[in-house]
Amino acid sequence: MIALLLALGSSLAYGCADFLGGLGARRAHVLRTVLVAAPASLAVELLLWPLLGARFEPGAVGWGAASGAASAAAFALLYRTLAIGPMNVLSPVTALVSAMLPVAVGLLQGERLGAAGLLGLPLALAAVVLVSAGPGGGGEDGGGEGGGGGRVRASRRALLLALGAGAAIAVQLVCLHQAPSGSGVAPLIVGRAVTSALTLTAVLLWRRRLGAERPAYGLAATAGALDSLAGVLFLLAARSGDLAVVAVVTALYPTGTVLLARTVLAERIHRGQVAGLGAAALAVGLLALA
């Protein structure tokens, strides 16, 4: 139950972070946004160090560095994806992909689910699909392709970016889960340091292509801080529960993104998405019983 609550908190934080990061990436080049978000994430984890502890043993450093490299790719791909829009389609697609690999890894490592879990796990994955099944026509950034009946579809490029972002997030989560359980937040600190270094390197190499627009510092920093909080909650959840369950509950984060997109950007919520939200609530209940 503790793992489930931590995973839900991680899901909420990820959803809010993605929304804010996507908005920030609409105002300036995505690398400028990540250059602010990644150090903000690192700062939060350094602040949590005295509270949660950190042991920089080889396993924590190695897996943390690998998660940081994946996180750098995830930041850039995800924020660019959400900047193109529509958020209420692309965020769930990313989430579904990001859930599949950790679930597979958990099951392959011998995790077993009870009857309620066997029902809740596929229902949660179906909920992510349903949330993405009904895009509306209001408030998108114009990156989608027009469809009939007021629907807005994501472009092929946007979908490819969403798939890449989901894969990068999945690798990041699996790497964090593989880190030694007694290492505290060391894997996260190492990971964020690697992410920040890679982002800075990319900015220096491609600075002439980044344009003159300044990033939305407040949005980017808040997104980074929330992403860091989400990572910490996921790590704690994965250490106290099954990766398969924790990953799929965390992957429900598009719920927060979709609701924020509806509230702030006036993106419509289709009936299919409402059904997805209901399915998500039922799935969480079943997983809690498991």
# chains A, B, ... in the order shown; residues from 1 in each chain; ligands from 1
call {"tool": "residues_around", "arguments": {"residues": "A:Ala221", "least_positions_apart": "3", "cutoff": "8 Å", "atoms": "only C-alpha atoms", "output": "PyMOL selection string"}}
result
chain A and resi 36-37+40-41+217-218+224-225
call {"tool": "write_last_selection", "arguments": {"atoms": "N, CA, C and O atoms", "output": "mmCIF file, in the first residue's frame"}}
result
data_model
loop_
_atom_site.group_PDB
_atom_site.id
_atom_site.type_symbol
_atom_site.label_atom_id
_atom_site.label_comp_id
_atom_site.auth_asym_id
_atom_site.auth_seq_id
_atom_site.Cartn_x
_atom_site.Cartn_y
_atom_site.Cartn_z
ATOM 1 N N VAL A 36 17.741 24.574 -17.812
ATOM 2 C CA VAL A 36 17.248 25.119 -16.546
ATOM 3 C C VAL A 36 16.650 24.012 -15.683
ATOM 4 O O VAL A 36 16.884 23.940 -14.470
ATOM 5 N N ALA A 37 15.885 23.103 -16.317
ATOM 6 C CA ALA A 37 15.171 22.077 -15.559
ATOM 7 C C ALA A 37 16.112 21.078 -14.899
ATOM 8 O O ALA A 37 15.907 20.689 -13.737
ATOM 9 N N ALA A 40 17.863 22.349 -11.759
ATOM 10 C CA ALA A 40 16.851 22.510 -10.713
ATOM 11 C C ALA A 40 16.535 21.165 -10.075
ATOM 12 O O ALA A 40 16.363 21.056 -8.850
ATOM 13 N N SER A 41 16.469 20.112 -10.896
ATOM 14 C CA SER A 41 16.254 18.758 -10.373
ATOM 15 C C SER A 41 17.400 18.340 -9.457
ATOM 16 O O SER A 41 17.186 17.783 -8.375
ATOM 17 N N TYR A 217 12.052 30.684 -17.336
ATOM 18 C CA TYR A 217 12.848 30.169 -16.220
ATOM 19 C C TYR A 217 11.980 29.561 -15.118
ATOM 20 O O TYR A 217 12.292 28.497 -14.577
ATOM 21 N N GLY A 218 10.907 30.247 -14.771
ATOM 22 C CA GLY A 218 10.051 29.742 -13.701
ATOM 23 C C GLY A 218 9.409 28.412 -14.050
ATOM 24 O O GLY A 218 9.407 27.481 -13.242
ATOM 25 N N GLY A 224 11.529 20.995 -13.500
ATOM 26 C CA GLY A 224 12.675 20.210 -13.061
ATOM 27 C C GLY A 224 12.542 19.763 -11.614
ATOM 28 O O GLY A 224 12.853 18.612 -11.272
ATOM 29 N N ALA A 225 12.082 20.666 -10.746
ATOM 30 C CA ALA A 225 11.916 20.315 -9.336
ATOM 31 C C ALA A 225 10.863 19.217 -9.162
ATOM 32 O O ALA A 225 11.048 18.272 -8.390
#
call {"tool": "residues_around", "arguments": {"residues": "A:Ala66", "least_positions_apart": "2", "cutoff": "12 Å", "atoms": "only C-alpha atoms", "output": "ChimeraX atom specification"}}
result
/A:59-64,68-73,168-179,187-195,198
call {"tool": "write_last_selection", "arguments": {"atoms": "C-alpha atoms", "output": "mmCIF file, in the first residue's frame"}}
result
data_model
loop_
_atom_site.group_PDB
_atom_site.id
_atom_site.type_symbol
_atom_site.label_atom_id
_atom_site.label_comp_id
_atom_site.auth_asym_id
_atom_site.auth_seq_id
_atom_site.Cartn_x
_atom_site.Cartn_y
_atom_site.Cartn_z
ATOM 1 C CA GLY A 59 26.469 0.101 -8.370
ATOM 2 C CA ALA A 60 24.756 3.344 -7.424
ATOM 3 C CA VAL A 61 27.175 5.424 -9.499
ATOM 4 C CA GLY A 62 27.012 3.142 -12.545
ATOM 5 C CA TRP A 63 23.246 2.733 -12.659
ATOM 6 C CA GLY A 64 22.770 6.376 -11.701
ATOM 7 C CA GLY A 68 21.108 10.229 -16.155
ATOM 8 C CA ALA A 69 22.004 9.633 -19.796
ATOM 9 C CA ALA A 70 18.517 8.237 -20.417
ATOM 10 C CA SER A 71 17.003 11.130 -18.494
ATOM 11 C CA ALA A 72 18.775 13.694 -20.688
ATOM 12 C CA ALA A 73 17.252 12.061 -23.767
ATOM 13 C CA ALA A 168 14.051 6.839 -22.705
ATOM 14 C CA ILE A 169 11.854 7.189 -19.617
ATOM 15 C CA ALA A 170 11.534 3.399 -19.380
ATOM 16 C CA VAL A 171 15.312 2.930 -19.483
ATOM 17 C CA GLN A 172 15.723 5.631 -16.837
ATOM 18 C CA LEU A 173 13.241 3.929 -14.477
ATOM 19 C CA VAL A 174 14.721 0.464 -14.969
ATOM 20 C CA CYS A 175 18.233 1.780 -14.261
ATOM 21 C CA LEU A 176 17.060 3.461 -11.055
ATOM 22 C CA HIS A 177 15.400 0.239 -9.953
ATOM 23 C CA GLN A 178 18.626 -1.725 -10.533
ATOM 24 C CA ALA A 179 20.648 0.545 -8.232
ATOM 25 C CA PRO A 187 21.663 7.198 -8.044
ATOM 26 C CA LEU A 188 19.420 10.224 -8.529
ATOM 27 C CA ILE A 189 22.173 12.702 -7.679
ATOM 28 C CA VAL A 190 24.621 11.039 -10.052
ATOM 29 C CA GLY A 191 21.935 10.798 -12.704
ATOM 30 C CA ARG A 192 20.990 14.465 -12.521
ATOM 31 C CA ALA A 193 24.646 15.492 -12.588
ATOM 32 C CA VAL A 194 25.121 13.455 -15.775
ATOM 33 C CA THR A 195 21.927 14.907 -17.275
ATOM 34 C CA LEU A 198 25.154 16.287 -21.157
#
call {"tool": "closest_atom_pairs", "arguments": {"of": "stretch 146-242 of chain A", "to": "stretch 9-26 of chain A", "cutoff": "9 Å", "atoms": "only C-alpha atoms", "output": "Markdown table"}}
result
| residue | atom | partner | partner_atom | distance |
| --- | --- | --- | --- | --- |
| A:Pro215 | CA | A:Gly24 | CA | 6.6 |
| A:Ala216 | CA | A:Gly24 | CA | 5.4 |
| A:Tyr217 | CA | A:Gly24 | CA | 8.0 |
| A:Gly218 | CA | A:Gly24 | CA | 8.7 |
| A:Leu219 | CA | A:Leu20 | CA | 5.6 |
| A:Ala220 | CA | A:Gly21 | CA | 5.7 |
| A:Ala221 | CA | A:Gly21 | CA | 8.7 |
| A:Thr222 | CA | A:Ala17 | CA | 7.2 |
| A:Ala223 | CA | A:Ala17 | CA | 4.2 |
| A:Gly224 | CA | A:Ala17 | CA | 6.8 |
| A:Ala225 | CA | A:Ala17 | CA | 7.9 |
| A:Leu226 | CA | A:Ala17 | CA | 5.3 |
| A:Asp227 | CA | A:Ala17 | CA | 5.6 |
| A:Ser228 | CA | A:Ala13 | CA | 8.7 |
| A:Leu229 | CA | A:Ala13 | CA | 6.8 |
| A:Ala230 | CA | A:Ser10 | CA | 4.1 |
| A:Gly231 | CA | A:Ser10 | CA | 6.8 |
| A:Val232 | CA | A:Ser10 | CA | 7.8 |
| A:Leu233 | CA | A:Ser10 | CA | 5.2 |
| A:Phe234 | CA | A:Ser10 | CA | 5.6 |
| A:Ala237 | CA | A:Ser10 | CA | 8.7 |
call {"tool": "atom_distance", "arguments": {"atom1": "atom CA of A:Ala186", "atom2": "atom CA of A:Ala54"}}
result
4.6 Å
call {"tool": "select_by_dssp", "arguments": {"residues": "stretch 133-271 of chain A", "states": "helix (DSSP H, G or I)", "output": "count of residues only"}}
result
97
call {"tool": "residues_around", "arguments": {"residues": "A:Trp206", "least_positions_apart": "5", "cutoff": "12 Å", "atoms": "only C-alpha atoms", "output": "MDAnalysis selection string"}}
result
chainID A and resid 29:32 199:201 211
call {"tool": "write_last_selection", "arguments": {"atoms": "N, CA and C atoms", "output": "mmCIF file, in the first residue's frame"}}
result
data_model
loop_
_atom_site.group_PDB
_atom_site.id
_atom_site.type_symbol
_atom_site.label_atom_id
_atom_site.label_comp_id
_atom_site.auth_asym_id
_atom_site.auth_seq_id
_atom_site.Cartn_x
_atom_site.Cartn_y
_atom_site.Cartn_z
ATOM 1 N N HIS A 29 13.844 27.173 -27.327
ATOM 2 C CA HIS A 29 14.337 25.867 -27.760
ATOM 3 C C HIS A 29 14.349 24.899 -26.581
ATOM 4 N N VAL A 30 14.026 23.642 -26.873
ATOM 5 C CA VAL A 30 13.881 22.664 -25.808
ATOM 6 C C VAL A 30 15.158 22.515 -24.984
ATOM 7 N N LEU A 31 16.338 22.639 -25.609
ATOM 8 C CA LEU A 31 17.585 22.505 -24.850
ATOM 9 C C LEU A 31 17.755 23.634 -23.845
ATOM 10 N N ARG A 32 17.273 24.818 -24.175
ATOM 11 C CA ARG A 32 17.336 25.921 -23.208
ATOM 12 C C ARG A 32 16.445 25.613 -22.006
ATOM 13 N N THR A 199 23.446 17.991 -21.061
ATOM 14 C CA THR A 199 22.655 19.096 -21.607
ATOM 15 C C THR A 199 23.525 20.311 -21.874
ATOM 16 N N LEU A 200 24.400 20.638 -20.924
ATOM 17 C CA LEU A 200 25.294 21.775 -21.107
ATOM 18 C C LEU A 200 26.198 21.561 -22.317
ATOM 19 N N THR A 201 26.701 20.347 -22.472
ATOM 20 C CA THR A 201 27.541 20.037 -23.631
ATOM 21 C C THR A 201 26.777 20.231 -24.938
ATOM 22 N N GLY A 211 18.456 29.680 -31.242
ATOM 23 C CA GLY A 211 17.639 30.878 -31.306
ATOM 24 C C GLY A 211 17.939 31.838 -30.166
#
call {"tool": "closest_residue", "arguments": {"among": "A:Ala197, A:Ile84, A:Ala283, A:Ser98", "to": "A:Arg156", "atoms": "only C-alpha atoms"}}
result
A:Ile84
call {"tool": "closest_residue", "arguments": {"among": "A:Ala74, A:Val246, A:Val264, A:Ala280", "to": "A:Ala162", "atoms": "only C-alpha atoms"}}
result
A:Ala74
call {"tool": "closest_residue", "arguments": {"among": "A:Leu108, A:Ala83, A:Leu277, A:Leu159", "to": "A:Tyr253", "atoms": "only C-alpha atoms"}}
result
A:Leu277
call {"tool": "closest_residue", "arguments": {"among": "A:Gly110, A:Gly184, A:Pro254, A:Pro50", "to": "A:Ala95", "atoms": "only C-alpha atoms"}}
result
A:Pro254
